[in-house]
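Raw structure.txt, compact mmCIF, C-alpha atoms and all ligand atoms:
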# COMPACT_ATOMS: atom_id res chain seq x y z
CA MET A 1 14.51 -10.49 -19.55
CA ALA A 2 11.01 -9.57 -18.48
CA THR A 3 10.00 -10.12 -14.87
CA LEU A 4 6.72 -11.94 -14.27
CA PRO A 5 4.39 -11.04 -11.40
CA ASP A 6 4.46 -13.28 -8.31
CA LEU A 7 2.76 -16.60 -8.97
CA PRO A 8 0.29 -18.06 -8.38
CA LEU A 9 -2.02 -15.09 -8.78
CA ASP A 10 -4.32 -14.83 -5.77
CA TRP A 11 -7.42 -16.18 -7.57
CA GLN A 12 -5.82 -19.09 -9.42
CA GLU A 13 -6.16 -21.92 -6.87
CA GLU A 14 -9.79 -21.08 -6.17
CA LEU A 15 -10.63 -20.93 -9.87
CA TYR A 16 -8.84 -24.21 -10.53
CA LYS A 17 -10.84 -25.97 -7.81
CA LYS A 18 -14.07 -24.45 -9.09
CA LEU A 19 -13.41 -25.61 -12.67
CA HIS A 20 -12.40 -29.04 -11.41
CA ALA A 21 -15.64 -29.38 -9.46
CA GLN A 22 -17.78 -28.24 -12.42
CA PRO A 23 -16.48 -30.08 -15.50
CA GLU A 24 -18.26 -29.83 -18.83
CA LEU A 25 -18.14 -32.35 -21.67
CA SER A 26 -16.70 -31.64 -25.12
CA MET A 27 -18.62 -28.99 -27.09
CA GLU A 28 -20.81 -28.28 -24.04
CA GLU A 29 -18.41 -25.92 -22.25
CA SER A 30 -20.84 -22.99 -21.98
CA GLU A 31 -20.31 -22.21 -18.26
CA THR A 32 -16.53 -22.48 -18.57
CA ALA A 33 -16.57 -20.28 -21.67
CA ALA A 34 -18.71 -17.70 -19.86
CA GLU A 35 -16.32 -17.67 -16.87
CA VAL A 36 -13.32 -17.26 -19.19
CA THR A 37 -15.03 -14.45 -21.14
CA ARG A 38 -15.98 -12.58 -17.96
CA ARG A 39 -12.44 -12.74 -16.60
CA LEU A 40 -10.79 -11.73 -19.89
CA ASP A 41 -13.23 -8.80 -20.16
CA GLU A 42 -12.26 -7.68 -16.65
CA MET A 43 -8.57 -7.86 -17.57
CA GLY A 44 -9.19 -5.53 -20.51
CA TYR A 45 -9.05 -8.04 -23.35
CA GLN A 46 -11.26 -7.65 -26.41
CA THR A 47 -13.24 -10.87 -26.32
CA GLN A 48 -15.23 -12.82 -28.88
CA GLN A 49 -17.01 -16.15 -28.72
CA ILE A 50 -16.07 -18.19 -31.79
CA GLY A 51 -17.26 -21.72 -32.55
CA GLY A 52 -17.95 -22.54 -28.91
CA GLY A 53 -14.57 -21.15 -27.83
CA VAL A 54 -13.39 -17.79 -26.51
CA VAL A 55 -10.67 -15.52 -27.85
CA GLY A 56 -9.27 -12.50 -26.01
CA VAL A 57 -7.00 -10.05 -27.82
CA LEU A 58 -4.66 -7.64 -26.00
CA THR A 59 -3.04 -5.07 -28.25
CA ASN A 60 0.01 -3.34 -26.81
CA GLY A 61 1.68 -1.34 -29.55
CA ASP A 62 3.47 -2.51 -32.68
CA GLY A 63 5.21 -5.83 -32.65
CA PRO A 64 4.73 -9.54 -33.19
CA THR A 65 1.49 -11.38 -32.47
CA VAL A 66 1.54 -14.46 -30.26
CA LEU A 67 -1.42 -16.80 -29.77
CA ALA A 68 -1.54 -18.98 -26.63
CA ARG A 69 -4.16 -21.72 -26.70
CA ALA A 70 -5.82 -23.74 -23.94
CA ASP A 71 -8.54 -26.40 -24.14
CA MET A 72 -11.58 -26.41 -21.82
CA ASP A 73 -13.34 -29.79 -22.03
CA ALA A 74 -13.68 -32.64 -19.53
CA LEU A 75 -14.25 -36.37 -20.07
CA PRO A 76 -17.08 -38.87 -19.50
CA VAL A 77 -15.22 -40.38 -16.52
CA GLN A 78 -16.56 -40.96 -12.99
CA GLU A 79 -14.06 -39.27 -10.67
CA ASP A 80 -12.43 -41.44 -8.01
CA SER A 81 -9.76 -39.08 -6.69
CA GLY A 82 -11.08 -38.53 -3.16
CA LEU A 83 -10.25 -34.81 -3.49
CA ASP A 84 -12.37 -32.32 -1.53
CA TYR A 85 -12.80 -30.37 -4.77
CA ALA A 86 -13.74 -33.48 -6.80
CA SER A 87 -16.30 -33.27 -9.61
CA THR A 88 -19.87 -32.58 -8.54
CA VAL A 89 -21.17 -33.70 -11.94
CA ASP A 90 -22.05 -37.38 -12.14
CA GLY A 91 -19.95 -39.25 -14.70
CA VAL A 92 -18.00 -36.19 -15.85
CA MET A 93 -14.46 -35.35 -14.77
CA HIS A 94 -11.54 -33.11 -15.67
CA ALA A 95 -9.40 -36.24 -16.01
CA CYS A 96 -7.07 -34.78 -18.63
CA GLY A 97 -6.07 -31.60 -16.77
CA HIS A 98 -7.74 -29.10 -19.09
CA ASP A 99 -8.87 -27.25 -15.93
CA PHE A 100 -5.16 -26.58 -15.34
CA HIS A 101 -4.79 -25.38 -18.91
CA VAL A 102 -7.63 -22.87 -18.52
CA THR A 103 -6.38 -21.58 -15.15
CA CYS A 104 -2.78 -21.26 -16.35
CA ALA A 105 -3.80 -19.54 -19.60
CA LEU A 106 -5.98 -17.05 -17.69
CA GLY A 107 -3.07 -16.47 -15.31
CA ALA A 108 -0.70 -15.83 -18.23
CA ALA A 109 -3.31 -13.49 -19.74
CA GLN A 110 -3.41 -11.44 -16.54
CA ALA A 111 0.38 -11.51 -16.18
CA MET A 112 0.67 -10.00 -19.67
CA THR A 113 -1.55 -7.09 -18.65
CA GLU A 114 0.44 -6.48 -15.45
CA ILE A 115 3.78 -6.33 -17.26
CA ARG A 116 2.60 -4.51 -20.35
CA ASP A 117 5.44 -1.98 -19.98
CA GLN A 118 7.89 -4.83 -20.61
CA TRP A 119 6.64 -5.95 -24.01
CA GLN A 120 5.18 -4.76 -27.26
CA GLY A 121 2.87 -6.41 -29.79
CA THR A 122 -0.37 -8.38 -29.58
CA TYR A 123 -1.13 -11.23 -27.19
CA ILE A 124 -4.02 -13.54 -28.02
CA ALA A 125 -5.48 -15.88 -25.39
CA LEU A 126 -7.52 -18.60 -27.11
CA PHE A 127 -9.72 -21.10 -25.25
CA GLN A 128 -11.05 -23.90 -27.43
CA PRO A 129 -13.87 -26.36 -26.80
CA GLY A 130 -13.93 -30.07 -27.65
CA GLU A 131 -10.29 -31.15 -27.75
CA GLU A 132 -11.09 -34.70 -26.66
CA THR A 133 -13.35 -35.32 -29.65
CA ALA A 134 -11.11 -33.49 -32.16
CA ALA A 135 -14.07 -31.24 -32.93
CA GLY A 136 -13.29 -27.96 -31.11
CA ALA A 137 -10.36 -26.43 -32.99
CA ARG A 138 -12.10 -27.30 -36.26
CA ALA A 139 -15.35 -25.70 -35.00
CA MET A 140 -13.53 -22.43 -34.26
CA VAL A 141 -11.82 -22.42 -37.66
CA ASP A 142 -15.14 -23.23 -39.38
CA ASP A 143 -16.74 -20.30 -37.52
CA GLY A 144 -14.31 -17.91 -39.16
CA LEU A 145 -11.48 -17.73 -36.60
CA VAL A 146 -8.90 -16.77 -39.24
CA ASP A 147 -10.91 -13.70 -40.34
CA LYS A 148 -12.04 -12.65 -36.86
CA ILE A 149 -8.71 -12.20 -35.04
CA PRO A 150 -5.27 -10.79 -35.93
CA LYS A 151 -3.00 -13.30 -37.67
CA PRO A 152 -0.48 -14.69 -35.17
CA ASP A 153 3.21 -15.08 -35.97
CA VAL A 154 3.36 -18.13 -33.77
CA CYS A 155 0.99 -20.35 -31.74
CA LEU A 156 1.79 -21.90 -28.36
CA SER A 157 0.13 -24.56 -26.24
CA GLN A 158 0.89 -26.96 -23.41
CA HIS A 159 -0.42 -30.05 -21.59
CA VAL A 160 -0.20 -31.32 -18.01
CA LEU A 161 1.55 -34.70 -18.04
CA PRO A 162 2.39 -37.41 -15.48
CA GLU A 163 5.93 -36.02 -15.06
CA LEU A 164 7.73 -34.26 -12.22
CA ALA A 165 5.94 -31.09 -11.06
CA GLY A 166 7.91 -27.91 -11.59
CA THR A 167 9.48 -29.21 -14.80
CA VAL A 168 8.57 -28.59 -18.42
CA MET A 169 9.41 -30.73 -21.41
CA THR A 170 9.62 -29.99 -25.10
CA ALA A 171 11.26 -31.22 -28.30
CA PRO A 172 11.47 -30.35 -31.99
CA GLY A 173 9.55 -32.40 -34.55
CA ALA A 174 6.69 -34.83 -33.89
CA VAL A 175 5.69 -34.72 -30.21
CA LEU A 176 2.17 -36.15 -30.41
CA SER A 177 0.89 -38.74 -32.83
CA ALA A 178 -1.72 -38.35 -35.51
CA GLY A 179 -4.85 -40.32 -34.61
CA ASP A 180 -7.47 -41.79 -36.91
CA SER A 181 -10.57 -43.76 -35.99
CA ILE A 182 -12.28 -45.80 -38.69
CA LYS A 183 -15.63 -47.58 -38.65
CA VAL A 184 -15.42 -50.48 -41.09
CA THR A 185 -18.60 -52.24 -42.19
CA VAL A 186 -17.91 -55.74 -43.49
CA PRO A 187 -20.64 -57.01 -45.83
CA GLY A 188 -22.06 -60.52 -45.67
CA LYS A 189 -25.24 -62.35 -46.56
CA GLY A 190 -27.55 -63.52 -43.81
CA SER A 191 -28.56 -67.15 -43.53
CA HIS A 192 -29.63 -69.83 -41.05
CA GLY A 193 -26.71 -70.97 -38.95
CA SER A 194 -27.23 -74.52 -40.25
CA MET A 195 -27.07 -73.38 -43.90
CA PRO A 196 -23.77 -71.47 -44.21
CA HIS A 197 -23.49 -72.39 -47.91
CA LEU A 198 -26.49 -70.15 -48.67
CA GLY A 199 -24.94 -67.09 -47.01
CA VAL A 200 -21.68 -65.17 -46.75
CA ASP A 201 -20.51 -65.16 -43.14
CA PRO A 202 -19.20 -61.68 -42.17
CA VAL A 203 -18.02 -63.03 -38.80
CA VAL A 204 -15.43 -65.20 -40.54
CA THR A 205 -14.45 -62.33 -42.84
CA ALA A 206 -14.10 -59.94 -39.87
CA ALA A 207 -11.99 -62.48 -38.00
CA SER A 208 -9.61 -62.81 -40.97
CA ILE A 209 -9.42 -59.02 -41.26
CA VAL A 210 -8.51 -58.60 -37.58
CA VAL A 211 -5.68 -61.12 -37.88
CA ARG A 212 -4.40 -59.77 -41.19
CA LEU A 213 -4.41 -56.14 -39.92
CA GLN A 214 -1.76 -57.16 -37.39
CA SER A 215 0.69 -57.62 -40.27
CA ILE A 216 0.60 -53.91 -41.21
CA VAL A 217 2.91 -52.73 -38.44
CA SER A 218 5.16 -55.80 -38.69
CA ARG A 219 5.24 -56.22 -42.50
CA VAL A 220 4.05 -53.09 -44.32
CA ILE A 221 5.82 -50.17 -42.64
CA ALA A 222 9.59 -50.02 -42.16
CA PRO A 223 10.99 -51.51 -38.92
CA GLY A 224 12.12 -48.07 -37.69
CA ASP A 225 8.77 -46.36 -38.34
CA PHE A 226 6.21 -45.89 -35.57
CA GLY A 227 2.65 -47.08 -36.05
CA VAL A 228 -0.18 -48.53 -33.98
CA VAL A 229 -3.23 -50.31 -35.44
CA THR A 230 -5.80 -51.37 -32.86
CA VAL A 231 -9.18 -53.02 -33.41
CA GLY A 232 -11.00 -51.66 -30.40
CA SER A 233 -14.44 -53.08 -31.17
CA ILE A 234 -15.87 -55.92 -33.22
CA GLN A 235 -19.61 -56.48 -33.45
CA ALA A 236 -21.73 -58.89 -35.45
CA GLY A 237 -24.87 -60.93 -34.99
CA ALA A 238 -27.12 -61.58 -32.01
CA LYS A 239 -27.90 -65.30 -31.94
CA SER A 240 -25.90 -68.51 -32.31
CA ASN A 241 -27.93 -69.91 -35.18
CA ILE A 242 -28.16 -66.84 -37.41
CA ILE A 243 -25.43 -65.78 -39.81
CA PRO A 244 -25.68 -61.97 -39.74
CA ASP A 245 -25.82 -59.60 -42.68
CA SER A 246 -22.77 -57.58 -41.74
CA ALA A 247 -20.06 -57.02 -39.14
CA THR A 248 -18.70 -53.74 -37.80
CA LEU A 249 -15.11 -53.07 -36.73
CA LEU A 250 -13.86 -49.92 -34.97
CA LEU A 251 -10.18 -49.26 -35.65
CA ASN A 252 -7.71 -46.79 -34.16
CA VAL A 253 -4.47 -45.78 -35.88
CA ARG A 254 -1.56 -43.74 -34.44
CA THR A 255 1.41 -42.45 -36.42
CA TYR A 256 4.18 -39.80 -36.23
CA ASP A 257 4.68 -39.33 -39.95
CA GLU A 258 2.22 -38.39 -42.68
CA SER A 259 3.65 -40.83 -45.25
CA VAL A 260 3.50 -43.70 -42.74
CA ARG A 261 -0.05 -42.69 -41.90
CA GLU A 262 -1.08 -42.84 -45.56
CA LYS A 263 0.65 -46.19 -46.01
CA ILE A 264 -1.20 -47.68 -43.02
CA LEU A 265 -4.62 -46.32 -44.05
CA GLU A 266 -4.08 -47.62 -47.59
CA ALA A 267 -3.08 -51.05 -46.26
CA ILE A 268 -6.18 -51.20 -44.03
CA GLU A 269 -8.50 -50.53 -46.96
CA ARG A 270 -6.62 -52.98 -49.17
CA ILE A 271 -6.76 -55.78 -46.59
CA VAL A 272 -10.45 -55.23 -45.83
CA ARG A 273 -11.38 -55.17 -49.53
CA GLY A 274 -9.23 -58.23 -50.21
CA GLU A 275 -10.78 -60.27 -47.42
CA CYS A 276 -14.30 -59.24 -48.46
CA GLN A 277 -13.58 -60.32 -52.02
CA ALA A 278 -12.16 -63.63 -50.78
CA SER A 279 -15.40 -64.21 -48.84
CA GLY A 280 -17.52 -63.91 -51.96
CA ALA A 281 -19.52 -60.94 -50.62
CA THR A 282 -21.29 -59.07 -53.40
CA ASP A 283 -21.41 -55.73 -51.55
CA GLU A 284 -18.37 -53.52 -50.98
CA PRO A 285 -17.11 -52.76 -47.46
CA THR A 286 -17.54 -49.18 -46.25
CA PHE A 287 -15.03 -46.97 -44.36
CA GLU A 288 -16.16 -44.13 -42.15
CA TYR A 289 -13.33 -41.96 -40.76
CA TYR A 290 -14.01 -40.05 -37.51
CA ASP A 291 -12.19 -38.47 -34.52
CA ARG A 292 -9.28 -37.57 -36.80
CA PHE A 293 -6.43 -35.86 -34.98
CA PRO A 294 -3.62 -34.28 -36.99
CA LEU A 295 0.05 -34.75 -36.18
CA THR A 296 1.50 -32.34 -33.61
CA GLU A 297 4.92 -31.47 -35.00
CA ASN A 298 6.92 -28.67 -33.38
CA ASP A 299 8.68 -26.31 -35.75
CA GLU A 300 12.41 -26.56 -35.06
CA ALA A 301 13.24 -22.82 -34.86
CA THR A 302 10.09 -22.10 -32.82
CA ASN A 303 10.93 -24.89 -30.43
CA THR A 304 14.47 -23.53 -30.00
CA THR A 305 13.10 -20.08 -29.11
CA VAL A 306 10.64 -21.59 -26.62
CA THR A 307 13.23 -23.94 -25.10
CA ASP A 308 15.69 -21.06 -24.58
CA ALA A 309 12.98 -18.94 -22.93
CA LEU A 310 11.89 -21.79 -20.65
CA ARG A 311 15.51 -22.52 -19.67
CA GLU A 312 16.11 -18.87 -18.89
CA HIS A 313 13.02 -18.72 -16.68
CA PHE A 314 13.08 -22.11 -14.96
CA GLY A 315 16.77 -23.08 -15.17
CA ASP A 316 18.34 -25.73 -17.42
CA ASP A 317 17.64 -28.62 -15.03
CA LYS A 318 13.88 -27.97 -15.09
CA VAL A 319 13.56 -28.20 -18.88
CA THR A 320 13.80 -31.73 -20.24
CA GLU A 321 13.34 -33.49 -23.56
CA LEU A 322 9.73 -34.41 -24.37
CA ALA A 323 9.63 -38.00 -25.61
CA PRO A 324 7.03 -38.45 -28.37
CA VAL A 325 3.67 -39.23 -26.76
CA PRO A 326 1.39 -41.66 -28.66
CA ALA A 327 -1.60 -39.51 -27.71
CA SER A 328 -3.15 -36.97 -30.07
CA GLU A 329 -4.31 -33.33 -30.07
CA ASP A 330 -6.26 -31.07 -32.38
CA PHE A 331 -4.26 -27.94 -31.39
CA SER A 332 -2.32 -27.89 -34.70
CA VAL A 333 -5.58 -27.29 -36.62
CA ILE A 334 -5.37 -23.66 -35.39
CA PRO A 335 -1.78 -22.76 -36.46
CA ASP A 336 -2.33 -24.75 -39.68
CA ALA A 337 -5.41 -22.63 -40.48
CA PHE A 338 -3.22 -19.50 -40.25
CA GLY A 339 -0.24 -21.20 -41.90
CA VAL A 340 2.08 -20.35 -38.99
CA PRO A 341 4.56 -22.40 -36.89
CA TYR A 342 3.86 -23.62 -33.39
CA CYS A 343 5.31 -25.18 -30.29
CA TYR A 344 3.55 -27.57 -27.91
CA TRP A 345 5.18 -28.61 -24.65
CA GLY A 346 4.47 -30.66 -21.54
CA VAL A 347 4.13 -29.47 -17.93
CA GLY A 348 4.86 -31.96 -15.13
CA GLY A 349 2.11 -32.31 -12.52
CA PHE A 350 3.28 -34.86 -9.94
CA GLU A 351 5.47 -34.55 -6.88
CA GLU A 352 8.66 -36.51 -6.44
CA GLY A 353 7.91 -39.95 -5.01
CA ALA A 354 4.22 -39.81 -5.95
CA THR A 355 3.04 -42.56 -8.28
CA PRO A 356 2.03 -40.66 -11.39
CA VAL A 357 -1.46 -41.47 -12.63
CA GLY A 358 -2.00 -41.21 -16.37
CA ASN A 359 -4.30 -38.67 -18.00
CA HIS A 360 -7.89 -39.94 -18.41
CA ASN A 361 -7.63 -42.06 -15.24
CA PRO A 362 -10.45 -41.55 -12.64
CA LYS A 363 -7.73 -40.83 -10.04
CA PHE A 364 -5.88 -38.23 -12.18
CA ALA A 365 -5.04 -35.50 -9.65
CA PRO A 366 -2.00 -33.35 -10.41
CA THR A 367 -0.57 -31.40 -7.50
CA ILE A 368 -1.91 -27.81 -7.58
CA HIS A 369 1.43 -26.26 -6.61
CA PRO A 370 3.75 -25.74 -8.32
CA THR A 371 1.83 -26.97 -11.39
CA LEU A 372 -0.28 -23.79 -11.65
CA GLU A 373 2.78 -21.57 -11.27
CA THR A 374 4.77 -23.63 -13.77
CA GLY A 375 2.09 -23.69 -16.48
CA THR A 376 1.36 -19.97 -16.06
CA ALA A 377 5.02 -18.93 -16.17
CA ALA A 378 5.75 -21.27 -19.09
CA LEU A 379 3.07 -19.68 -21.30
CA ALA A 380 3.98 -16.10 -20.39
CA SER A 381 7.75 -16.53 -20.68
CA ALA A 382 7.43 -18.38 -24.01
CA ALA A 383 5.20 -15.58 -25.36
CA LEU A 384 7.67 -12.95 -24.15
CA ALA A 385 10.41 -14.60 -26.22
CA TRP A 386 8.63 -12.96 -29.17
CA LEU A 387 6.94 -9.98 -27.54
CA GLY A 388 9.60 -8.95 -25.05
CA SER A 389 12.13 -7.67 -27.55
CA ARG A 390 11.52 -3.99 -28.27
CA GLU A 391 12.82 -2.20 -31.29
CA GLY A 392 16.43 -1.11 -30.81
CA GLU A 393 16.93 -3.63 -28.01
CA GLY A 394 18.51 -7.02 -28.39
CA ARG A 395 16.85 -10.11 -26.99
ZN ZN B 401 -7.29 -36.07 -22.97
ZN ZN B 402 -5.90 -33.35 -22.81
Mind turning the file's structure into structure tokens?
Ligand code: ZN
Ligand code: ZN
Amino acid sequence: MATLPDLPLDWQEELYKKLHAQPELSMEESETAAEVTRRLDEMGYQTQQIGGGVVGVLTNGDGPTVLARADMDALPVQEDSGLDYASTVDGVMHACGHDFHVTCALGAAQAMTEIRDQWQGTYIALFQPGEETAAGARAMVDDGLVDKIPKPDVCLSQHVLPELAGTVMTAPGAVLSAGDSIKVTVPGKGSHGSMPHLGVDPVVTAASIVVRLQSIVSRVIAPGDFGVVTVGSIQAGAKSNIIPDSATLLLNVRTYDESVREKILEAIERIVRGECQASGATDEPTFEYYDRFPLTENDEATNTTVTDALREHFGDDKVTELAPVPASEDFSVIPDAFGVPYCYWGVGGFEEGATPVGNHNPKFAPTIHPTLETGTAALASAALAWLGSREGEGR
């Protein structure tokens, strides 16, 4: 078993606080990307900027190739943590912990250089932009990621979660849901509020749609299947005595299974079309899909390898089962582009007795130690499960 350098590395806490104080929104992470590039260059990685992200490649003889991915973006949230290293940017905050991801991934990158006599192969440190908007991984793939770096055998990633600090959690199969947002435009026909018979009222149609959509989870998918259908926004009209021309609904769908996802999306379109037809509207409704997150589904064999490595490093009691999280990620876009398996795990960030605050909350403030050490060691030890075995040696 490889031995990691002492953690945290001497620069990690300072860098974490700096990133936390200077958050950048999705697809605007230029300062963060420059900082990451500079540090990877100093460590001896071959760096490239791809699609707003940064990739560093460290080649260390023949062997497998492992890609470790971190995300860099912050959220449009006004920080209310009271920390002395709180965000200095108005209305922008690292409320999802991606500053931890960057600091841990840079730490793992340096650790791999320091212990290069203990492994063989290629280690790729990838930092993507725009996770929160599901745009960043896709942007890197669209900018030619697959042709610009060596093909990995496996991809790894992790997320800070409101769980006990010092622990890590993983599981085979679906660990994060697929997410789909849909903008539905419901057609109508404008009229004076006193002359409804001359129009087609999209407010009534939209109201029927909202009620009928609730039957998808209870009546369309099987009782044991997971699905969420939320109408997060409904907008129509501006005045009490005008029947508007159209109504707009914003829907959000979460699923853990591709066939369930298809069934739900089909049912949504069917219900909307049916209600529009019932209203007598002459125009068709329109469906605009956006912020589409794929399913995050850990490969079973890959997860076993990672789990064994994490147990060996942290001890059995520090590695727990990750319950499926109904949040979504675009990480899997990267391994899917290469056609390779992946594992995604959680890193606890809250001390015992502390009331955990959920990701995206303005008070989200994971404890720095041992979260930095845990996330750094988790990435490096998982990567070494592939890279640490030299020819002629057993694992
Ligand atoms: Zn987030
Ligand atoms: Zn996140």
Query raised in the report: Neighbours of range 119-128 of chain A within 8 Å (all atoms listed in the file; same-chain residues fewer than 4 positions away dropped), as a VMD selection string?
Result: chain A and resid 2 33 52 to 72 102 105 to 106 109 112 115 136 to 137 140 383 to 384 387 to 390
Query - A:Val228, A:Val217, A:Leu198, A:Ala337 ranked by distance to Pro152 in chain A, top pick (using only C-alpha atoms) - result: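 With only C-alpha atoms as the atom set, the closest residue is A:Ala337.
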Report task. All residues within 10 Å of ligand ZN 401 (chain B) are required, counting all atoms listed in the file; please report them as JSON, numbers by chain. Result -> {"A": [71, 73, 74, 75, 94, 95, 96, 97, 98, 131, 132, 133, 159, 160, 327, 328, 329, 358, 359, 360, 361]}
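Straight-line separation from CA of Ala174 in chain A to CA of Ala378 in chain A: 20.1 Å.
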Requested in this report: Using only C-alpha atoms, pick whichever of A:Pro187, A:Pro150, A:Pro202, A:Gly353 has the shortest atom-to-atom distance to Pro285 in chain A.
Outcome: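 Once distances to Pro285 in chain A are computed over only C-alpha atoms, the minimum belongs to A:Pro187.
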Export range 263-270 of chain A of the preceding structure, keeping all heavy atoms, as an mmCIF file, in the first residue's frame.
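Everything below was put into decode04.cif:
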data_model
loop_
_atom_site.group_PDB
_atom_site.id
_atom_site.type_symbol
_atom_site.label_atom_id
_atom_site.label_comp_id
_atom_site.auth_asym_id
_atom_site.auth_seq_id
_atom_site.Cartn_x
_atom_site.Cartn_y
_atom_site.Cartn_z
ATOM 1 N N LYS A 263 -40.421 7.557 -19.240
ATOM 2 C CA LYS A 263 -41.852 7.405 -18.986
ATOM 3 C C LYS A 263 -42.439 8.721 -18.440
ATOM 4 O O LYS A 263 -43.519 9.155 -18.844
ATOM 5 C CB LYS A 263 -42.036 6.282 -17.954
ATOM 6 C CG LYS A 263 -43.340 5.545 -18.082
ATOM 7 C CD LYS A 263 -43.412 4.425 -17.055
ATOM 8 C CE LYS A 263 -43.391 3.072 -17.737
ATOM 9 N NZ LYS A 263 -43.543 1.967 -16.780
ATOM 10 N N ILE A 264 -41.716 9.358 -17.532
ATOM 11 C CA ILE A 264 -42.212 10.607 -16.935
ATOM 12 C C ILE A 264 -42.251 11.727 -17.968
ATOM 13 O O ILE A 264 -43.241 12.461 -18.075
ATOM 14 C CB ILE A 264 -41.344 11.008 -15.716
ATOM 15 C CG1 ILE A 264 -41.588 10.039 -14.559
ATOM 16 C CG2 ILE A 264 -41.647 12.446 -15.289
ATOM 17 C CD1 ILE A 264 -40.757 10.320 -13.316
ATOM 18 N N LEU A 265 -41.175 11.854 -18.767
ATOM 19 C CA LEU A 265 -41.144 12.928 -19.762
ATOM 20 C C LEU A 265 -42.250 12.743 -20.811
ATOM 21 O O LEU A 265 -42.899 13.701 -21.237
ATOM 22 C CB LEU A 265 -39.763 13.007 -20.426
ATOM 23 C CG LEU A 265 -38.603 13.342 -19.473
ATOM 24 C CD1 LEU A 265 -37.274 13.394 -20.230
ATOM 25 C CD2 LEU A 265 -38.828 14.654 -18.726
ATOM 26 N N GLU A 266 -42.460 11.477 -21.201
ATOM 27 C CA GLU A 266 -43.545 11.167 -22.139
ATOM 28 C C GLU A 266 -44.896 11.564 -21.545
ATOM 29 O O GLU A 266 -45.739 12.148 -22.221
ATOM 30 C CB GLU A 266 -43.590 9.649 -22.388
ATOM 31 C CG GLU A 266 -42.984 9.197 -23.697
ATOM 32 C CD GLU A 266 -42.913 7.670 -23.714
ATOM 33 O OE1 GLU A 266 -43.918 7.000 -23.338
ATOM 34 O OE2 GLU A 266 -41.833 7.165 -24.055
ATOM 35 N N ALA A 267 -45.103 11.201 -20.273
ATOM 36 C CA ALA A 267 -46.385 11.490 -19.608
ATOM 37 C C ALA A 267 -46.614 12.998 -19.514
ATOM 38 O O ALA A 267 -47.737 13.480 -19.701
ATOM 39 C CB ALA A 267 -46.422 10.847 -18.225
ATOM 40 N N ILE A 268 -45.551 13.751 -19.227
ATOM 41 C CA ILE A 268 -45.680 15.214 -19.143
ATOM 42 C C ILE A 268 -46.175 15.762 -20.480
ATOM 43 O O ILE A 268 -47.143 16.525 -20.547
ATOM 44 C CB ILE A 268 -44.334 15.862 -18.745
ATOM 45 C CG1 ILE A 268 -44.031 15.562 -17.275
ATOM 46 C CG2 ILE A 268 -44.373 17.377 -18.998
ATOM 47 C CD1 ILE A 268 -42.641 15.983 -16.829
ATOM 48 N N GLU A 269 -45.516 15.357 -21.561
ATOM 49 C CA GLU A 269 -45.921 15.876 -22.882
ATOM 50 C C GLU A 269 -47.350 15.461 -23.223
ATOM 51 O O GLU A 269 -48.128 16.246 -23.767
ATOM 52 C CB GLU A 269 -44.931 15.397 -23.960
ATOM 53 C CG GLU A 269 -43.546 16.012 -23.784
ATOM 54 C CD GLU A 269 -42.800 16.191 -25.109
ATOM 55 O OE1 GLU A 269 -43.420 16.072 -26.184
ATOM 56 O OE2 GLU A 269 -41.578 16.466 -25.048
ATOM 57 N N ARG A 270 -47.683 14.218 -22.891
ATOM 58 C CA ARG A 270 -49.028 13.717 -23.192
ATOM 59 C C ARG A 270 -50.098 14.519 -22.440
ATOM 60 O O ARG A 270 -51.104 14.940 -23.016
ATOM 61 C CB ARG A 270 -49.100 12.235 -22.814
ATOM 62 C CG ARG A 270 -50.360 11.525 -23.253
ATOM 63 C CD ARG A 270 -50.264 10.026 -22.998
ATOM 64 N NE ARG A 270 -50.162 9.692 -21.592
ATOM 65 C CZ ARG A 270 -49.150 9.046 -21.026
ATOM 66 N NH1 ARG A 270 -48.128 8.654 -21.767
ATOM 67 N NH2 ARG A 270 -49.141 8.785 -19.738
#
